[in-house]
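For reference, query25.txt is printed below; it contains compact mmCIF, C-alpha atoms.
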# COMPACT_ATOMS: atom_id res chain seq x y z
CA MET A 1 -7.76 6.11 -4.49
CA SER A 2 -6.02 4.01 -1.82
CA LYS A 3 -6.04 0.24 -2.04
CA LEU A 4 -7.93 -0.03 1.24
CA LYS A 5 -10.56 2.30 -0.19
CA MET A 6 -10.93 0.12 -3.28
CA LEU A 7 -11.27 -3.00 -1.15
CA VAL A 8 -13.96 -1.61 1.15
CA LEU A 9 -15.89 -0.26 -1.85
CA SER A 10 -15.69 -3.74 -3.38
CA LEU A 11 -17.28 -5.05 -0.18
CA HIS A 12 -20.07 -2.51 -0.72
CA ASN A 13 -20.53 -3.68 -4.31
CA TYR A 14 -20.73 -7.27 -3.10
CA HIS A 15 -23.37 -6.13 -0.60
CA ASP A 16 -25.35 -4.41 -3.36
CA THR A 17 -25.37 -7.64 -5.38
CA HIS A 18 -25.99 -10.20 -2.63
CA GLY A 19 -27.81 -8.17 0.01
CA ASN A 20 -25.08 -8.70 2.61
CA PHE A 21 -21.34 -8.57 3.08
CA PRO A 22 -19.28 -11.63 2.16
CA PRO A 23 -18.36 -14.12 4.86
CA ALA A 24 -14.79 -14.06 6.14
CA PHE A 25 -14.48 -17.40 4.33
CA THR A 26 -16.64 -20.03 2.71
CA ALA A 27 -16.66 -23.48 4.32
CA ASP A 28 -17.47 -27.08 3.47
CA SER A 29 -20.05 -29.24 5.26
CA GLN A 30 -17.50 -29.96 8.00
CA GLY A 31 -16.86 -26.27 8.61
CA GLN A 32 -13.41 -26.33 7.03
CA PRO A 33 -12.49 -23.05 5.28
CA LEU A 34 -12.51 -23.18 1.48
CA HIS A 35 -12.06 -19.65 0.12
CA SER A 36 -11.32 -16.19 1.49
CA TRP A 37 -13.46 -13.07 1.20
CA ARG A 38 -10.56 -11.67 -0.86
CA THR A 39 -11.34 -14.28 -3.50
CA LEU A 40 -15.10 -13.68 -3.34
CA ILE A 41 -14.73 -9.98 -4.25
CA LEU A 42 -12.50 -10.59 -7.29
CA PRO A 43 -15.35 -9.76 -9.75
CA TYR A 44 -15.58 -6.29 -8.18
CA LEU A 45 -11.85 -5.74 -8.63
CA GLU A 46 -11.94 -6.35 -12.40
CA GLU A 47 -10.60 -9.88 -11.89
CA MET A 48 -13.54 -11.84 -13.30
CA PRO A 49 -11.33 -13.92 -15.67
CA LEU A 50 -9.41 -15.29 -12.68
CA TYR A 51 -12.56 -15.71 -10.59
CA SER A 52 -14.29 -17.72 -13.32
CA LYS A 53 -11.47 -20.29 -13.42
CA LEU A 54 -11.82 -21.27 -9.76
CA ASN A 55 -13.71 -24.24 -8.35
CA PHE A 56 -15.43 -22.97 -5.22
CA ASP A 57 -16.50 -26.48 -4.19
CA GLU A 58 -12.85 -27.34 -3.58
CA PRO A 59 -10.37 -25.71 -1.17
CA TRP A 60 -8.26 -22.78 -2.25
CA ASN A 61 -5.13 -24.97 -2.26
CA SER A 62 -6.58 -27.96 -4.12
CA SER A 63 -4.79 -29.01 -7.30
CA ALA A 64 -7.65 -27.61 -9.41
CA ASN A 65 -7.33 -24.15 -7.82
CA ALA A 66 -3.61 -24.08 -7.07
CA ARG A 67 -2.77 -24.03 -10.77
CA TRP A 68 -4.46 -20.62 -11.02
CA LEU A 69 -3.71 -19.19 -7.59
CA ASN A 70 -0.20 -20.25 -6.62
CA ASP A 71 2.14 -17.24 -6.81
CA GLN A 72 -0.63 -15.22 -8.48
CA GLU A 73 0.37 -11.75 -7.34
CA LEU A 74 -2.38 -9.13 -7.11
CA HIS A 75 -1.02 -5.68 -6.32
CA ILE A 76 -4.36 -4.58 -4.88
CA TYR A 77 -3.58 -6.75 -1.84
CA ARG A 78 -0.06 -5.39 -1.38
CA SER A 79 0.49 -2.30 0.77
CA PRO A 80 2.35 0.55 -0.99
CA GLN A 81 4.43 0.84 2.20
CA ARG A 82 5.62 -2.74 1.69
CA PRO A 83 6.03 -3.06 -2.10
CA GLU A 84 8.36 -6.06 -1.91
CA SER A 85 7.88 -9.40 -0.20
CA SER A 86 9.48 -12.83 -0.21
CA ILE A 87 5.97 -14.23 -0.82
CA ALA A 88 4.77 -13.17 -4.27
CA ASP A 89 1.06 -13.48 -3.46
CA GLU A 90 1.16 -12.15 0.11
CA THR A 91 -1.67 -9.95 1.38
CA HIS A 92 -1.38 -7.00 3.74
CA TYR A 93 -5.12 -6.48 4.22
CA PHE A 94 -7.19 -8.44 6.71
CA SER A 95 -10.69 -8.75 8.04
CA ILE A 96 -11.46 -9.53 11.67
CA VAL A 97 -13.01 -12.98 12.03
CA ASP A 98 -15.52 -13.03 14.86
CA ASP A 99 -19.28 -13.38 15.24
CA GLU A 100 -19.44 -9.73 16.37
CA THR A 101 -17.54 -8.22 13.42
CA LEU A 102 -18.51 -7.18 9.90
CA LEU A 103 -17.16 -10.23 8.05
CA ARG A 104 -18.28 -12.99 10.36
CA PRO A 105 -17.46 -16.65 9.55
CA GLY A 106 -20.99 -17.50 8.43
CA GLY A 107 -21.57 -14.26 6.56
CA GLY A 108 -25.02 -12.74 6.27
CA VAL A 109 -24.21 -9.36 7.86
CA SER A 110 -25.88 -6.38 6.20
CA PHE A 111 -25.81 -2.66 6.88
CA ARG A 112 -28.92 -2.92 9.05
CA ASP A 113 -27.01 -5.26 11.38
CA ILE A 114 -24.38 -2.60 12.19
CA ALA A 115 -26.09 -1.19 15.26
CA ASP A 116 -23.01 0.81 16.29
CA GLY A 117 -23.06 2.62 12.96
CA SER A 118 -20.93 1.92 9.92
CA SER A 119 -18.74 4.94 10.71
CA ASN A 120 -17.88 3.39 14.09
CA THR A 121 -17.05 -0.12 12.88
CA ILE A 122 -13.66 -1.14 11.48
CA ALA A 123 -13.99 -3.52 8.54
CA LEU A 124 -10.39 -4.05 7.40
CA ILE A 125 -6.92 -3.58 8.90
CA GLU A 126 -3.59 -3.17 7.13
CA ALA A 127 -0.85 -5.36 8.59
CA ALA A 128 2.34 -6.32 6.77
CA GLY A 129 4.66 -9.26 7.22
CA ARG A 130 2.17 -11.89 8.43
CA GLY A 131 3.00 -14.35 5.65
CA VAL A 132 -0.61 -14.88 4.52
CA ARG A 133 -1.44 -15.36 0.85
CA TRP A 134 -4.34 -13.27 -0.44
CA HIS A 135 -6.32 -16.35 -1.53
CA GLU A 136 -5.73 -18.15 1.76
CA PRO A 137 -8.83 -18.18 4.02
CA ARG A 138 -6.94 -16.81 7.01
CA ASP A 139 -7.38 -13.41 8.65
CA LEU A 140 -7.19 -11.88 12.12
CA SER A 141 -8.91 -13.20 15.20
CA MET A 142 -10.41 -10.63 17.55
CA ASP A 143 -7.43 -10.92 19.91
CA GLU A 144 -4.91 -10.59 17.05
CA ALA A 145 -6.66 -7.47 15.76
CA ILE A 146 -6.74 -5.93 19.23
CA ASP A 147 -3.03 -6.71 19.67
CA LEU A 148 -2.30 -4.79 16.47
CA LEU A 149 -4.34 -1.75 17.48
CA VAL A 150 -2.93 -1.45 21.00
CA GLY A 151 0.66 -2.22 20.02
CA GLU A 152 1.03 -5.57 21.76
CA SER A 153 1.79 -7.54 18.61
CA ASP A 154 5.28 -8.99 18.18
CA GLU A 155 5.21 -8.40 14.43
CA THR A 156 8.11 -6.65 12.73
CA HIS A 157 7.25 -4.03 10.14
CA GLU A 158 9.26 -2.88 7.19
CA TRP A 159 7.97 0.15 5.36
CA VAL A 160 8.98 2.83 2.90
CA GLU A 161 8.54 6.57 3.17
CA PRO A 162 8.59 7.67 -0.47
CA GLY A 163 10.52 10.73 -1.57
CA PHE A 164 10.87 12.37 -4.95
CA PHE A 165 14.60 11.66 -5.30
CA ILE A 166 15.29 9.29 -2.39
CA SER A 167 12.93 6.91 -0.55
CA THR A 168 13.83 5.80 2.96
CA HIS A 169 13.35 2.21 4.17
CA TYR A 170 12.52 1.62 7.84
CA ARG A 171 12.08 -1.32 10.16
CA GLY A 172 10.34 -1.29 13.53
CA ASP A 173 8.46 -3.48 16.00
CA GLY A 174 5.31 -1.41 15.77
CA LEU A 175 4.12 1.17 13.23
CA TYR A 176 1.50 3.77 13.99
CA PRO A 177 -0.66 5.27 12.72
CA ARG A 178 -2.19 2.09 11.32
CA ASN A 179 -4.36 2.21 8.20
CA VAL A 180 -7.89 0.88 8.65
CA ALA A 181 -11.09 0.93 6.60
CA PHE A 182 -14.44 1.54 8.24
CA ALA A 183 -17.68 -0.09 7.17
CA ASP A 184 -18.97 3.20 5.73
CA GLY A 185 -16.10 3.27 3.22
CA ARG A 186 -13.84 5.74 5.01
CA VAL A 187 -10.13 5.00 5.25
CA ARG A 188 -8.20 6.50 8.14
CA SER A 189 -4.80 6.25 9.74
CA ILE A 190 -5.59 5.79 13.40
CA GLY A 191 -3.17 6.30 16.24
CA TYR A 192 -2.17 4.08 19.11
CA VAL A 193 -5.24 2.74 20.93
CA PRO A 194 -4.57 2.99 24.68
CA THR A 195 -6.73 0.08 25.94
CA ARG A 196 -8.00 -3.26 24.69
CA GLU A 197 -11.56 -2.24 25.56
CA LEU A 198 -11.39 0.75 23.23
CA ALA A 199 -9.92 -1.40 20.46
CA ARG A 200 -12.69 -3.97 20.82
CA ALA A 201 -15.29 -1.19 20.67
CA ALA A 202 -13.91 -0.14 17.29
CA LEU A 203 -14.02 -3.70 15.92
CA THR A 204 -17.49 -4.88 16.94
CA ARG A 205 -20.57 -3.91 14.94
CA ALA A 206 -23.28 -4.02 17.60
CA GLY A 207 -21.70 -3.61 21.02
CA GLY A 208 -23.36 -0.30 21.75
CA GLU A 209 -20.07 1.59 21.90
CA GLU A 210 -18.81 4.64 20.06
CA ILE A 211 -15.23 5.11 18.94
CA PRO A 212 -13.66 7.64 21.31
CA ALA A 213 -11.46 10.51 20.20
CA GLU A 214 -8.43 8.88 21.82
CA ILE A 215 -8.18 6.41 18.96
CA ASP A 216 -7.41 9.18 16.48
CA SER A 217 -4.44 10.31 18.53
CA GLY A 218 -1.87 10.69 15.78
CA GLU A 219 1.40 8.97 15.04
CA TYR A 220 3.14 6.73 17.54
CA ASN A 221 6.21 4.69 16.69
CA ARG A 222 7.62 2.22 19.20
CA THR A 223 10.82 1.86 17.19
CA LYS A 224 11.94 3.26 13.88
CA THR A 225 15.28 2.24 12.37
CA VAL A 226 16.58 3.26 8.95
CA VAL A 227 17.64 0.14 7.04
CA GLY A 228 18.31 1.54 3.57
CA TYR A 229 17.58 4.02 0.83
CA THR A 230 16.39 3.86 -2.76
CA VAL A 231 17.65 6.52 -5.17
CA HIS A 232 15.23 7.23 -8.01
CA TRP A 233 17.88 7.75 -10.67
CA ARG A 234 15.43 8.27 -13.51
CA ARG A 235 13.94 11.26 -11.70
CA VAL A 236 17.40 12.58 -10.83
CA LEU A 237 18.59 12.36 -14.44
CA SER A 238 15.40 13.75 -15.97
CA THR A 239 15.38 16.67 -13.52
CA THR A 240 19.06 17.39 -14.19
CA LEU A 241 18.44 17.37 -17.94
CA PHE A 242 15.43 19.67 -17.59
CA VAL A 243 17.34 22.15 -15.44
CA GLY A 244 20.26 22.08 -17.85
CA LEU A 245 18.06 22.83 -20.85
CA ALA A 246 16.16 25.55 -19.01
CA VAL A 247 19.09 27.35 -17.40
CA GLY A 248 21.80 26.69 -19.99
CA PRO A 249 20.95 29.58 -22.36
CA PHE A 250 21.13 32.09 -19.52
CA LEU A 251 24.55 30.89 -18.44
CA ARG A 252 26.03 30.88 -21.91
CA ARG A 253 28.29 33.87 -22.65
CA ARG A 254 29.81 34.99 -25.97
CA ASN A 255 33.59 35.22 -26.28
CA PRO A 256 34.47 38.85 -25.39
CA LEU A 257 36.97 38.97 -28.27
CA GLU A 258 34.24 38.04 -30.74
CA ALA A 259 31.97 40.68 -29.27
CA THR A 260 34.54 43.46 -29.96
CA GLY A 261 35.55 42.25 -33.39
CA VAL A 262 39.10 41.44 -32.23
CA GLU A 263 40.89 38.36 -33.51
CA GLU A 264 43.53 36.35 -31.68
CA VAL A 265 46.47 35.46 -33.91
CA ASN A 266 49.62 33.42 -33.16
CA HIS A 267 52.93 34.52 -34.71
CA GLU A 268 55.85 32.32 -33.75
CA ASP A 269 54.46 31.48 -30.32
CA THR A 270 53.73 35.16 -29.66
CA LYS A 271 50.07 36.04 -29.21
CA GLN A 272 49.00 39.33 -30.67
CA LEU A 273 45.59 40.90 -30.79
CA VAL A 274 44.88 42.69 -34.01
CA SER A 275 41.79 44.36 -35.24
CA ARG A 276 39.91 42.61 -38.01
CA SER A 277 39.55 45.99 -39.68
CA THR A 278 43.38 46.47 -39.95
CA SER A 279 44.93 45.28 -43.19
CA HIS A 280 48.08 43.10 -43.10
CA SER A 281 51.25 44.44 -44.72
Kindly transcribe the structure held in the file into structure tokens.
Amino acid sequence: MSKLKMLVLSLHNYHDTHGNFPPAFTADSQGQPLHSWRTLILPYLEEMPLYSKLNFDEPWNSSANARWLNDQELHIYRSPQRPESSIADETHYFSIVDDETLLRPGGGVSFRDIADGSSNTIALIEAAGRGVRWHEPRDLSMDEAIDLLVGESDETHEWVEPGFFISTHYRGDGLYPRNVAFADGRVRSIGYVPTRELARAALTRAGGEEIPAEIDSGEYNRTKTVVGYTVHWRRVLSTTLFVGLAVGPFLRRRNPLEATGVEEVNHEDTKQLVSRSTSHS
């Protein structure tokens, strides 16, 4: 199961418990963000021990919470296409923060509020390299999300295409298809979205639009540059050993002299072949 799939199903489990989806973030009486939706769904990701240590009346970066959250890496929030990062607790999965989206700032959105249909509403977007920590209450604005979908973002991607023996590392200024999770739980890699209007239609929950077929238009890369390779030496060595053990017996040949019962004997630097059945005088 993909990480995006696990995250959107955790949103569903939160909905089953609370009757609605989590807010994009919790806030204090002044409207200042306290905690992210990524923190609120920890119990549904088998992270209840960490969740129970947090003080939700204080901000995510308060001294009481920072002791548990700082540099706390959770692999569920790290894209498999970007396994390494200079920020240990970076997230690559974002909600869209807007009153018209699934995870609105004040929360309270339920399935019955998705007038466009849960299969037509994007809930989460994968985006690497934004420098956001998973417990930080910061996600994508509507404009930022649209920029990502239509390819107008200035972000730089680094990603890995895994191979059995060698994985290839790439860098580019736009990577498509982009992985997204819909409100119904489906995860898809959608292609380049040609207009901002179409992108907005896919992000809002009750705009009366349907996602057109153009969005699922396949792969589109603006740039794609190879920046390195990773050789999986353990697989290379284990495969070599397996092949050697499997093929070795078929390649082994008996000495033809042994097969005919002939013995090779040296007499004063002169090699003579004599039959084992002949007696020596």
Between stretch 13-69 of chain A and stretch 125-140 of chain A, at 8 Å or less, what are the per-residue closest atom pairs and their distances in Å? Count all atoms listed in the file, order by chain and rising residue number, and return it as CSV.
residue,atom,partner,partner_atom,distance
A:Ala24,CA,A:Pro137,CA,7.5
A:Phe25,CA,A:Pro137,CA,5.7
A:Pro33,CA,A:Pro137,CA,6.2
A:Leu34,CA,A:Pro137,CA,6.7
A:His35,CA,A:Pro137,CA,5.3
A:Ser36,CA,A:Pro137,CA,4.1
A:Trp37,CA,A:Pro137,CA,7.4
A:Arg38,CA,A:His135,CA,6.4
A:Thr39,CA,A:His135,CA,5.8
A:Trp60,CA,A:Glu136,CA,6.6
A:Asn61,CA,A:Glu136,CA,7.9
A:Leu69,CA,A:His135,CA,7.2
Please produce an output containing C-alpha atoms for each residue in the selection, written as a tab-separated table (two decimals), in the frame of the given file.
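Below is the file that was written, again_15.tsv:
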chain	number	residue	atom	x	y	z
A	24	ALA	CA	-14.79	-14.06	6.14
A	25	PHE	CA	-14.48	-17.40	4.33
A	33	PRO	CA	-12.49	-23.05	5.28
A	34	LEU	CA	-12.51	-23.18	1.48
A	35	HIS	CA	-12.06	-19.65	0.12
A	36	SER	CA	-11.32	-16.19	1.49
A	37	TRP	CA	-13.46	-13.07	1.20
A	38	ARG	CA	-10.56	-11.67	-0.86
A	39	THR	CA	-11.34	-14.28	-3.50
A	60	TRP	CA	-8.26	-22.78	-2.25
A	61	ASN	CA	-5.13	-24.97	-2.26
A	69	LEU	CA	-3.71	-19.19	-7.59
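The residue that comes closest to A:Asn179, out of A:Thr195, A:Asn120, A:Thr230, A:Gln81 and on the basis of only C-alpha atoms, is A:Gln81.
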Exercise. Hey, which of A:Lys3, A:Ser110, A:Pro59, A:Thr239 ends up closest to A:Tyr93? Count all atoms listed in the file.
Worked result: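 Distance minimum relative to A:Tyr93 lands on A:Lys3.
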- Of the candidates A:Ile114, A:Ile146, A:Val187, A:Leu42, which shows the shortest atom-to-atom distance to A:Leu4, using all atoms listed in the file?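 Closest candidate: A:Val187.
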### Message
One number please: atom CA of A:Gly248 to atom CA of A:Ile166, in Å, one decimal.
### Response
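Separating atom CA of A:Gly248 from atom CA of A:Ile166 is a distance of 25.6 Å.
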One residue among A:Thr240, A:Ser167, A:Ser63, A:Thr204 is nearest to A:Val227 when using all atoms listed in the file, and that residue is A:Ser167
Top pick for closest residue to A:Val226, considering A:Glu161, A:Gly151, A:Ala66, A:Ala201 and counting only C-alpha atoms: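 Nearest to A:Val226: A:Glu161.
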From atom CA of A:Ala183 to atom CA of A:Leu148 the spacing works out at 18.6 Å
Find, counting only C-alpha atoms, the residue in A:His232, A:Asp143, A:Leu124, A:Arg205 that gets nearest to A:Arg178.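 That would be A:Leu124, the residue with the smallest distance to A:Arg178.
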| request: Find the spatial neighbours of A:Ala123, counting all atoms listed in the file, within a cut-off of 10 Å - ignore same-chain residues fewer than 6 positions away - and output them as number ranges by chain. | output: A: 8, 11, 94-96, 101-103, 180-187, 202-205
Separating atom CA of A:Asp89 from atom CA of A:Tyr44, to the nearest tenth of an Å, is a gap of 18.7 Å
